[in-house]
>>> print(open('work_20.txt').read())   # compact mmCIF, C-alpha atoms
# COMPACT_ATOMS: atom_id res chain seq x y z
CA MET S 232 0.00 0.00 0.00
CA GLU S 233 1.21 3.54 -0.78
CA PRO S 234 2.43 5.62 2.18
CA GLU S 235 -0.22 8.31 1.67
CA LYS S 236 -3.00 5.70 1.64
CA ILE S 237 -1.65 4.11 4.82
CA LYS S 238 -1.59 7.50 6.54
CA GLU S 239 -5.16 8.18 5.36
CA SER S 240 -6.34 4.81 6.68
CA ILE S 241 -4.77 5.56 10.09
CA ILE S 242 -6.48 8.94 10.23
CA ARG S 243 -9.82 7.56 9.05
CA ALA S 244 -9.74 4.74 11.64
CA ALA S 245 -8.67 7.07 14.46
CA LYS S 246 -11.32 9.66 13.55
CA GLU S 247 -14.05 7.05 13.70
CA LEU S 248 -12.82 5.60 17.02
CA PHE S 249 -12.24 9.01 18.65
CA ARG S 250 -15.77 10.09 17.75
CA LYS S 251 -17.28 6.85 18.98
CA TYR S 252 -15.27 6.27 22.19
CA GLY S 253 -13.34 9.50 22.77
CA TYR S 254 -9.64 10.15 22.43
CA HIS S 255 -8.62 8.92 25.88
CA LYS S 256 -10.55 5.63 25.60
CA THR S 257 -9.09 4.74 22.21
CA SER S 258 -5.76 2.92 22.14
CA VAL S 259 -3.16 2.81 19.39
CA ASN S 260 -3.79 -0.96 19.18
CA GLU S 261 -7.46 -0.31 18.39
CA ILE S 262 -6.53 2.23 15.72
CA ALA S 263 -4.12 -0.26 14.13
CA LYS S 264 -6.73 -3.02 14.20
CA LYS S 265 -9.38 -0.76 12.64
CA ALA S 266 -6.91 0.42 9.95
CA ARG S 267 -5.82 -3.20 9.36
CA ILE S 268 -2.14 -2.46 9.90
CA ALA S 269 0.48 -3.29 12.52
CA LYS S 270 0.78 -0.99 15.54
CA ALA S 271 4.41 -0.27 14.57
CA THR S 272 3.20 1.06 11.22
CA ILE S 273 1.33 3.85 13.00
CA TYR S 274 4.57 4.95 14.65
CA LYS S 275 6.22 5.04 11.25
CA TYR S 276 3.86 7.89 10.30
CA PHE S 277 3.07 9.50 13.66
CA ASP S 278 5.21 9.84 16.80
CA SER S 279 2.19 9.46 19.08
CA LYS S 280 -1.56 9.13 19.32
CA GLU S 281 -1.57 12.86 20.06
CA GLN S 282 -0.07 13.55 16.64
CA VAL S 283 -2.80 11.48 14.99
CA LEU S 284 -5.39 13.57 16.82
CA ASP S 285 -3.58 16.76 15.85
CA ALA S 286 -3.64 15.77 12.16
CA ILE S 287 -7.37 14.99 12.37
CA LEU S 288 -8.25 18.22 14.12
CA MET S 289 -6.17 20.51 11.93
CA ASP S 290 -7.54 18.93 8.76
CA TYR S 291 -11.11 19.20 10.06
CA LEU S 292 -10.59 22.83 11.09
CA ASP S 293 -8.90 23.74 7.81
CA VAL S 294 -11.70 22.30 5.66
CA ASN S 295 -14.49 23.83 7.76
CA LEU S 296 -12.75 27.19 8.14
CA HIS S 297 -12.35 27.56 4.39
CA GLU S 298 -16.04 26.72 3.96
CA ILE S 299 -16.96 29.41 6.48
CA LEU S 300 -14.72 32.01 4.87
CA SER S 301 -15.83 31.25 1.32
CA ASN S 302 -19.52 31.66 2.19
CA LYS S 303 -20.51 34.85 0.36
CA VAL S 304 -23.28 36.08 2.67
CA THR S 305 -23.80 39.86 2.51
CA PHE S 306 -23.51 41.84 5.74
CA ALA S 307 -24.41 45.43 6.56
CA ASN S 308 -20.75 46.28 7.26
CA GLU S 309 -17.30 44.88 8.00
CA GLU S 310 -17.99 44.81 11.73
CA GLU S 311 -21.05 42.55 11.35
CA HIS S 312 -19.17 40.32 8.92
CA LEU S 313 -16.22 39.92 11.28
CA LYS S 314 -18.50 39.23 14.28
CA ALA S 315 -20.30 36.49 12.31
CA LEU S 316 -17.00 34.93 11.21
CA VAL S 317 -15.54 34.96 14.72
CA MET S 318 -18.68 33.35 16.18
CA LYS S 319 -18.68 30.61 13.52
CA THR S 320 -15.00 29.84 14.00
CA CYS S 321 -15.30 29.92 17.80
CA ARG S 322 -18.17 27.45 17.67
CA LEU S 323 -16.20 25.31 15.24
CA SER S 324 -13.14 25.17 17.50
CA TYR S 325 -15.26 24.35 20.56
CA THR S 326 -17.19 21.66 18.68
CA VAL S 327 -14.02 20.03 17.41
CA CYS S 328 -12.59 19.69 20.89
CA ASN S 329 -15.89 18.47 22.27
CA GLU S 330 -16.39 15.94 19.47
CA PHE S 331 -12.92 14.43 19.26
CA ILE S 332 -11.32 14.92 22.68
CA GLY S 333 -14.07 15.36 25.24
CA TRP S 334 -13.95 18.12 27.81
CA ASP S 335 -14.01 15.78 30.81
CA PHE S 336 -10.69 14.36 29.68
CA VAL S 337 -9.28 17.84 29.06
CA ARG S 338 -10.28 19.04 32.51
CA GLU S 339 -8.82 16.00 34.28
CA ASN S 340 -5.58 15.37 32.43
CA ALA S 341 -2.54 17.66 32.75
CA ASN S 342 -1.02 16.36 29.49
CA SER S 343 -4.22 17.15 27.61
CA GLN S 344 -4.02 20.77 28.70
CA GLU S 345 -0.55 21.08 27.17
CA PHE S 346 -1.88 19.47 23.99
CA LEU S 347 -4.86 21.85 24.02
CA LYS S 348 -2.51 24.83 24.32
CA HIS S 349 -0.54 23.54 21.32
CA LEU S 350 -3.78 22.99 19.37
CA SER S 351 -5.00 26.44 20.37
CA ASP S 352 -1.79 28.06 19.06
CA GLN S 353 -2.07 26.14 15.77
CA LEU S 354 -5.71 27.14 15.44
CA GLU S 355 -4.82 30.78 16.02
CA ALA S 356 -2.16 30.65 13.28
CA LEU S 357 -4.57 28.90 10.89
CA LEU S 358 -7.30 31.47 11.56
CA LEU S 359 -4.95 34.40 11.19
CA SER S 360 -3.61 33.21 7.83
CA ALA S 361 -7.14 32.46 6.56
CA TYR S 362 -8.59 35.77 7.77
CA LEU S 363 -5.73 37.72 6.21
CA GLU S 364 -7.01 36.51 2.84
CA LEU S 365 -10.27 38.43 3.36
CA ASP S 366 -10.57 41.63 1.32
CA HIS S 367 -10.80 44.08 4.22
CA PHE S 368 -7.54 42.80 5.65
CA LYS S 369 -5.77 42.56 2.29
CA LYS S 370 -6.67 46.18 1.55
CA ASN S 371 -5.55 47.45 4.93
CA PRO S 372 -2.46 45.63 6.26
CA ALA S 373 -2.37 47.93 9.30
CA ARG S 374 -5.37 46.02 10.69
CA ARG S 375 -3.38 42.79 11.07
CA GLY S 376 -2.36 43.58 14.64
CA GLY S 377 -5.99 44.20 15.59
CA LEU S 378 -7.01 40.97 13.94
CA ALA S 379 -4.32 39.03 15.80
CA PHE S 380 -5.60 40.55 19.06
CA LEU S 381 -9.22 39.68 18.19
CA LEU S 382 -8.40 36.06 17.39
CA LYS S 383 -6.18 35.55 20.45
CA ALA S 384 -8.74 37.09 22.81
CA SER S 385 -11.70 35.24 21.27
CA LYS S 386 -9.85 31.94 21.30
CA SER S 387 -8.85 32.36 24.94
CA ILE S 388 -12.38 33.19 26.00
CA VAL S 389 -13.94 30.29 24.11
CA PHE S 390 -11.42 27.75 25.39
CA SER S 391 -12.09 29.00 28.91
CA PHE S 392 -15.71 27.85 28.45
CA ALA S 393 -14.50 24.30 28.63
CA PHE S 394 -12.92 24.79 32.00
CA THR S 395 -15.73 26.81 33.58
CA SER S 396 -18.84 25.19 32.14
CA VAL S 397 -20.51 22.29 33.85
CA SER S 398 -23.13 21.53 31.20
CA ASP S 399 -23.99 22.19 27.55
CA ALA S 400 -26.52 24.76 28.78
CA ASP S 401 -23.66 26.64 30.49
CA VAL S 402 -21.70 26.60 27.24
CA ARG S 403 -24.66 28.00 25.27
CA LYS S 404 -25.12 30.71 27.91
CA ASN S 405 -21.41 31.56 27.73
CA PHE S 406 -21.54 31.79 23.91
CA VAL S 407 -24.54 34.14 24.08
CA THR S 408 -22.80 36.32 26.66
CA PHE S 409 -19.62 36.35 24.58
CA GLN S 410 -21.54 37.24 21.40
CA LYS S 411 -23.63 40.02 22.95
CA GLU S 412 -21.37 41.51 25.60
CA LEU S 413 -17.74 40.90 24.63
CA LEU S 414 -17.41 40.30 20.90
CA PRO S 415 -18.70 43.71 19.76
CA TYR S 416 -15.94 45.44 21.76
CA LEU S 417 -13.26 43.05 20.55
CA VAL S 418 -14.30 43.59 16.92
CA LYS S 419 -14.31 47.38 17.33
CA ALA S 420 -10.80 47.16 18.76
CA ALA S 421 -9.69 45.01 15.81
CA LEU S 422 -11.04 47.38 13.19
>>> encode(input="work_20.txt", output="structure tokens")
Amino acid sequence: MEPEKIKESIIRAAKELFRKYGYHKTSVNEIAKKARIAKATIYKYFDSKEQVLDAILMDYLDVNLHEILSNKVTFANEEEHLKALVMKTCRLSYTVCNEFIGWDFVRENANSQEFLKHLSDQLEALLLSAYLELDHFKKNPARRGGLAFLLKASKSIVFSFAFTSVSDADVRKNFVTFQKELLPYLVKAAL
């Protein structure tokens, strides 16, 4: 089998198992069995199970982020457009962590918090590079610093939901509060 196809089968198997059982309850042995390869083969392509998860998450975020950014919905102004984009990407990042990792595991495991910080930094870089392709940031490069601030602040607030929320209802309440009370000020500061 070609190396790229082997890597794809590892990712496909891991994605299915992580969604079904959660990251922490899925072993490398189970991924290998599902992908129909030897456990050692996984380590030929990925240094750890964490790296498999990272590849899944970044691919998922990249595909969905480009879908969000390419959606040509008309907004009253740049501010409304940016608020809508930030909310969609914040929900996307929260959903990804909830779907593939599970917040209980994140809250309880010190190693997962380091991984989440790494993921968060990668997400911020991905968002920044994607947002810089939008017309209002291409036309005005001076706004890049404001955009970087907006993304860093929004990301930090949304990831804090995971550590302060007890239920899905708490998360929804936090998103509404963020959208109505914090995001407008962050967007104004960015523009």
>>> closest_residue(input="work_20.txt", among="S:Ile242, S:Cys321, S:Ile268, S:Leu365", to="Leu300 (chain S)", atoms="all atoms listed in the file")
S:Leu365
>>> closest_residue(input="work_20.txt", among="S:Met318, S:Leu313, S:Ala400, S:Cys328", to="Gly253 (chain S)", atoms="only C-alpha atoms")
S:Cys328
>>> residues_around(input="work_20.txt", residues="Leu414 (chain S)", least_positions_apart="2", cutoff="10 Å", atoms="all atoms listed in the file", output="count of residues only")
20
>>> closest_residue(input="work_20.txt", among="S:Asp293, S:Glu330, S:Glu281, S:Glu298", to="Leu359 (chain S)", atoms="only C-alpha atoms")
S:Asp293
>>> closest_residue(input="work_20.txt", among="S:Arg403, S:Leu316, S:Asn308, S:Asn302", to="Leu378 (chain S)", atoms="all atoms listed in the file")
S:Leu316
>>> residues_around(input="work_20.txt", residues="Tyr291 (chain S)", least_positions_apart="5", cutoff="10 Å", atoms="all atoms listed in the file", output="list in words")
Asp285, Ala286, Leu296, Leu323, Ser324 and Val327 of chain S
>>> atom_distance(input="work_20.txt", atom1="CA of Ile262 (chain S)", atom2="CA of Ala245 (chain S)")
5.4 Å
>>> atom_distance(input="work_20.txt", atom1="CA of Asp366 (chain S)", atom2="CA of Ala379 (chain S)")
16.0 Å
>>> closest_residue(input="work_20.txt", among="S:Lys280, S:Lys383, S:Arg374, S:Arg322", to="Thr257 (chain S)", atoms="only C-alpha atoms")
S:Lys280
>>> closest_residue(input="work_20.txt", among="S:Lys386, S:Lys238, S:Lys275, S:Lys303", to="Lys348 (chain S)", atoms="all atoms listed in the file")
S:Lys386
>>> residues_around(input="work_20.txt", residues="Arg267 (chain S)", least_positions_apart="2", cutoff="10 Å", atoms="all atoms listed in the file", output="short mmCIF file (atom, residue, chain, number, x, y, z; two decimals) with C-alpha atoms, keeping the file's coordinate frame")
data_model
loop_
_atom_site.label_atom_id
_atom_site.label_comp_id
_atom_site.auth_asym_id
_atom_site.auth_seq_id
_atom_site.Cartn_x
_atom_site.Cartn_y
_atom_site.Cartn_z
CA ILE S 237 -1.65 4.11 4.82
CA SER S 240 -6.34 4.81 6.68
CA ILE S 241 -4.77 5.56 10.09
CA ALA S 244 -9.74 4.74 11.64
CA GLU S 261 -7.46 -0.31 18.39
CA ILE S 262 -6.53 2.23 15.72
CA ALA S 263 -4.12 -0.26 14.13
CA LYS S 264 -6.73 -3.02 14.20
CA LYS S 265 -9.38 -0.76 12.64
CA ALA S 269 0.48 -3.29 12.52
CA LYS S 270 0.78 -0.99 15.54
#
>>> atom_distance(input="work_20.txt", atom1="CA of Glu309 (chain S)", atom2="CA of His297 (chain S)")
18.4 Å
>>> residues_around(input="work_20.txt", residues="Glu364 (chain S)", least_positions_apart="4", cutoff="12 Å", atoms="only C-alpha atoms", output="PyMOL selection string")
chain S and resi 297+300-301+357-360+368-372+375+378
>>> decode(input="work_20.txt", residues="region 270-413 of chain S", atoms="C-alpha atoms", output="mmCIF file, in the first residue's frame")
data_model
loop_
_atom_site.group_PDB
_atom_site.id
_atom_site.type_symbol
_atom_site.label_atom_id
_atom_site.label_comp_id
_atom_site.auth_asym_id
_atom_site.auth_seq_id
_atom_site.Cartn_x
_atom_site.Cartn_y
_atom_site.Cartn_z
ATOM 1 C CA LYS S 270 0.779 -0.994 15.543
ATOM 2 C CA ALA S 271 4.412 -0.271 14.568
ATOM 3 C CA THR S 272 3.202 1.064 11.223
ATOM 4 C CA ILE S 273 1.327 3.849 13.002
ATOM 5 C CA TYR S 274 4.573 4.948 14.649
ATOM 6 C CA LYS S 275 6.222 5.036 11.249
ATOM 7 C CA TYR S 276 3.860 7.889 10.299
ATOM 8 C CA PHE S 277 3.067 9.500 13.658
ATOM 9 C CA ASP S 278 5.207 9.841 16.799
ATOM 10 C CA SER S 279 2.193 9.456 19.085
ATOM 11 C CA LYS S 280 -1.562 9.131 19.321
ATOM 12 C CA GLU S 281 -1.568 12.862 20.065
ATOM 13 C CA GLN S 282 -0.068 13.546 16.636
ATOM 14 C CA VAL S 283 -2.796 11.481 14.994
ATOM 15 C CA LEU S 284 -5.386 13.571 16.820
ATOM 16 C CA ASP S 285 -3.585 16.765 15.854
ATOM 17 C CA ALA S 286 -3.639 15.772 12.164
ATOM 18 C CA ILE S 287 -7.370 14.988 12.368
ATOM 19 C CA LEU S 288 -8.250 18.219 14.121
ATOM 20 C CA MET S 289 -6.167 20.514 11.927
ATOM 21 C CA ASP S 290 -7.539 18.926 8.758
ATOM 22 C CA TYR S 291 -11.113 19.203 10.062
ATOM 23 C CA LEU S 292 -10.593 22.832 11.093
ATOM 24 C CA ASP S 293 -8.904 23.742 7.813
ATOM 25 C CA VAL S 294 -11.700 22.304 5.664
ATOM 26 C CA ASN S 295 -14.485 23.834 7.760
ATOM 27 C CA LEU S 296 -12.751 27.185 8.144
ATOM 28 C CA HIS S 297 -12.346 27.562 4.395
ATOM 29 C CA GLU S 298 -16.036 26.716 3.959
ATOM 30 C CA ILE S 299 -16.962 29.405 6.479
ATOM 31 C CA LEU S 300 -14.718 32.011 4.874
ATOM 32 C CA SER S 301 -15.825 31.252 1.322
ATOM 33 C CA ASN S 302 -19.517 31.660 2.194
ATOM 34 C CA LYS S 303 -20.505 34.855 0.363
ATOM 35 C CA VAL S 304 -23.279 36.083 2.672
ATOM 36 C CA THR S 305 -23.796 39.855 2.512
ATOM 37 C CA PHE S 306 -23.507 41.839 5.744
ATOM 38 C CA ALA S 307 -24.412 45.428 6.562
ATOM 39 C CA ASN S 308 -20.754 46.281 7.260
ATOM 40 C CA GLU S 309 -17.303 44.883 8.004
ATOM 41 C CA GLU S 310 -17.995 44.809 11.725
ATOM 42 C CA GLU S 311 -21.049 42.546 11.354
ATOM 43 C CA HIS S 312 -19.174 40.320 8.918
ATOM 44 C CA LEU S 313 -16.224 39.916 11.282
ATOM 45 C CA LYS S 314 -18.503 39.226 14.279
ATOM 46 C CA ALA S 315 -20.297 36.491 12.311
ATOM 47 C CA LEU S 316 -16.995 34.928 11.210
ATOM 48 C CA VAL S 317 -15.542 34.959 14.725
ATOM 49 C CA MET S 318 -18.675 33.346 16.180
ATOM 50 C CA LYS S 319 -18.677 30.614 13.524
ATOM 51 C CA THR S 320 -14.997 29.838 14.000
ATOM 52 C CA CYS S 321 -15.301 29.923 17.802
ATOM 53 C CA ARG S 322 -18.174 27.451 17.668
ATOM 54 C CA LEU S 323 -16.204 25.311 15.243
ATOM 55 C CA SER S 324 -13.144 25.165 17.504
ATOM 56 C CA TYR S 325 -15.264 24.349 20.558
ATOM 57 C CA THR S 326 -17.195 21.661 18.685
ATOM 58 C CA VAL S 327 -14.018 20.033 17.407
ATOM 59 C CA CYS S 328 -12.592 19.691 20.891
ATOM 60 C CA ASN S 329 -15.894 18.471 22.270
ATOM 61 C CA GLU S 330 -16.395 15.940 19.475
ATOM 62 C CA PHE S 331 -12.918 14.434 19.262
ATOM 63 C CA ILE S 332 -11.325 14.919 22.677
ATOM 64 C CA GLY S 333 -14.070 15.360 25.237
ATOM 65 C CA TRP S 334 -13.951 18.124 27.810
ATOM 66 C CA ASP S 335 -14.008 15.776 30.807
ATOM 67 C CA PHE S 336 -10.685 14.359 29.680
ATOM 68 C CA VAL S 337 -9.280 17.844 29.059
ATOM 69 C CA ARG S 338 -10.279 19.041 32.511
ATOM 70 C CA GLU S 339 -8.818 15.999 34.282
ATOM 71 C CA ASN S 340 -5.577 15.366 32.427
ATOM 72 C CA ALA S 341 -2.535 17.656 32.754
ATOM 73 C CA ASN S 342 -1.020 16.362 29.487
ATOM 74 C CA SER S 343 -4.215 17.147 27.606
ATOM 75 C CA GLN S 344 -4.021 20.768 28.701
ATOM 76 C CA GLU S 345 -0.552 21.080 27.173
ATOM 77 C CA PHE S 346 -1.882 19.473 23.993
ATOM 78 C CA LEU S 347 -4.861 21.852 24.020
ATOM 79 C CA LYS S 348 -2.508 24.833 24.319
ATOM 80 C CA HIS S 349 -0.542 23.543 21.315
ATOM 81 C CA LEU S 350 -3.782 22.993 19.372
ATOM 82 C CA SER S 351 -4.996 26.436 20.371
ATOM 83 C CA ASP S 352 -1.792 28.057 19.056
ATOM 84 C CA GLN S 353 -2.074 26.138 15.773
ATOM 85 C CA LEU S 354 -5.709 27.143 15.442
ATOM 86 C CA GLU S 355 -4.821 30.777 16.016
ATOM 87 C CA ALA S 356 -2.159 30.648 13.276
ATOM 88 C CA LEU S 357 -4.573 28.899 10.887
ATOM 89 C CA LEU S 358 -7.301 31.468 11.565
ATOM 90 C CA LEU S 359 -4.946 34.396 11.186
ATOM 91 C CA SER S 360 -3.608 33.207 7.831
ATOM 92 C CA ALA S 361 -7.136 32.461 6.561
ATOM 93 C CA TYR S 362 -8.595 35.773 7.770
ATOM 94 C CA LEU S 363 -5.727 37.721 6.213
ATOM 95 C CA GLU S 364 -7.011 36.510 2.844
ATOM 96 C CA LEU S 365 -10.269 38.433 3.360
ATOM 97 C CA ASP S 366 -10.569 41.626 1.317
ATOM 98 C CA HIS S 367 -10.805 44.075 4.217
ATOM 99 C CA PHE S 368 -7.536 42.796 5.654
ATOM 100 C CA LYS S 369 -5.767 42.563 2.288
ATOM 101 C CA LYS S 370 -6.674 46.178 1.551
ATOM 102 C CA ASN S 371 -5.548 47.454 4.929
ATOM 103 C CA PRO S 372 -2.463 45.627 6.257
ATOM 104 C CA ALA S 373 -2.374 47.934 9.296
ATOM 105 C CA ARG S 374 -5.366 46.016 10.688
ATOM 106 C CA ARG S 375 -3.378 42.792 11.067
ATOM 107 C CA GLY S 376 -2.360 43.584 14.638
ATOM 108 C CA GLY S 377 -5.987 44.203 15.588
ATOM 109 C CA LEU S 378 -7.009 40.967 13.936
ATOM 110 C CA ALA S 379 -4.316 39.028 15.796
ATOM 111 C CA PHE S 380 -5.603 40.547 19.057
ATOM 112 C CA LEU S 381 -9.224 39.676 18.190
ATOM 113 C CA LEU S 382 -8.396 36.058 17.393
ATOM 114 C CA LYS S 383 -6.176 35.552 20.445
ATOM 115 C CA ALA S 384 -8.742 37.093 22.813
ATOM 116 C CA SER S 385 -11.701 35.237 21.271
ATOM 117 C CA LYS S 386 -9.848 31.939 21.303
ATOM 118 C CA SER S 387 -8.846 32.364 24.945
ATOM 119 C CA ILE S 388 -12.383 33.190 25.999
ATOM 120 C CA VAL S 389 -13.942 30.292 24.106
ATOM 121 C CA PHE S 390 -11.416 27.750 25.394
ATOM 122 C CA SER S 391 -12.086 28.997 28.912
ATOM 123 C CA PHE S 392 -15.714 27.855 28.452
ATOM 124 C CA ALA S 393 -14.504 24.297 28.626
ATOM 125 C CA PHE S 394 -12.919 24.791 31.998
ATOM 126 C CA THR S 395 -15.726 26.807 33.580
ATOM 127 C CA SER S 396 -18.845 25.189 32.141
ATOM 128 C CA VAL S 397 -20.510 22.287 33.848
ATOM 129 C CA SER S 398 -23.128 21.532 31.196
ATOM 130 C CA ASP S 399 -23.992 22.190 27.554
ATOM 131 C CA ALA S 400 -26.521 24.762 28.779
ATOM 132 C CA ASP S 401 -23.658 26.637 30.488
ATOM 133 C CA VAL S 402 -21.696 26.600 27.240
ATOM 134 C CA ARG S 403 -24.655 27.996 25.274
ATOM 135 C CA LYS S 404 -25.121 30.713 27.912
ATOM 136 C CA ASN S 405 -21.410 31.564 27.725
ATOM 137 C CA PHE S 406 -21.542 31.794 23.914
ATOM 138 C CA VAL S 407 -24.540 34.140 24.081
ATOM 139 C CA THR S 408 -22.797 36.316 26.661
ATOM 140 C CA PHE S 409 -19.624 36.354 24.575
ATOM 141 C CA GLN S 410 -21.544 37.241 21.397
ATOM 142 C CA LYS S 411 -23.626 40.021 22.952
ATOM 143 C CA GLU S 412 -21.367 41.513 25.596
ATOM 144 C CA LEU S 413 -17.741 40.904 24.632
#
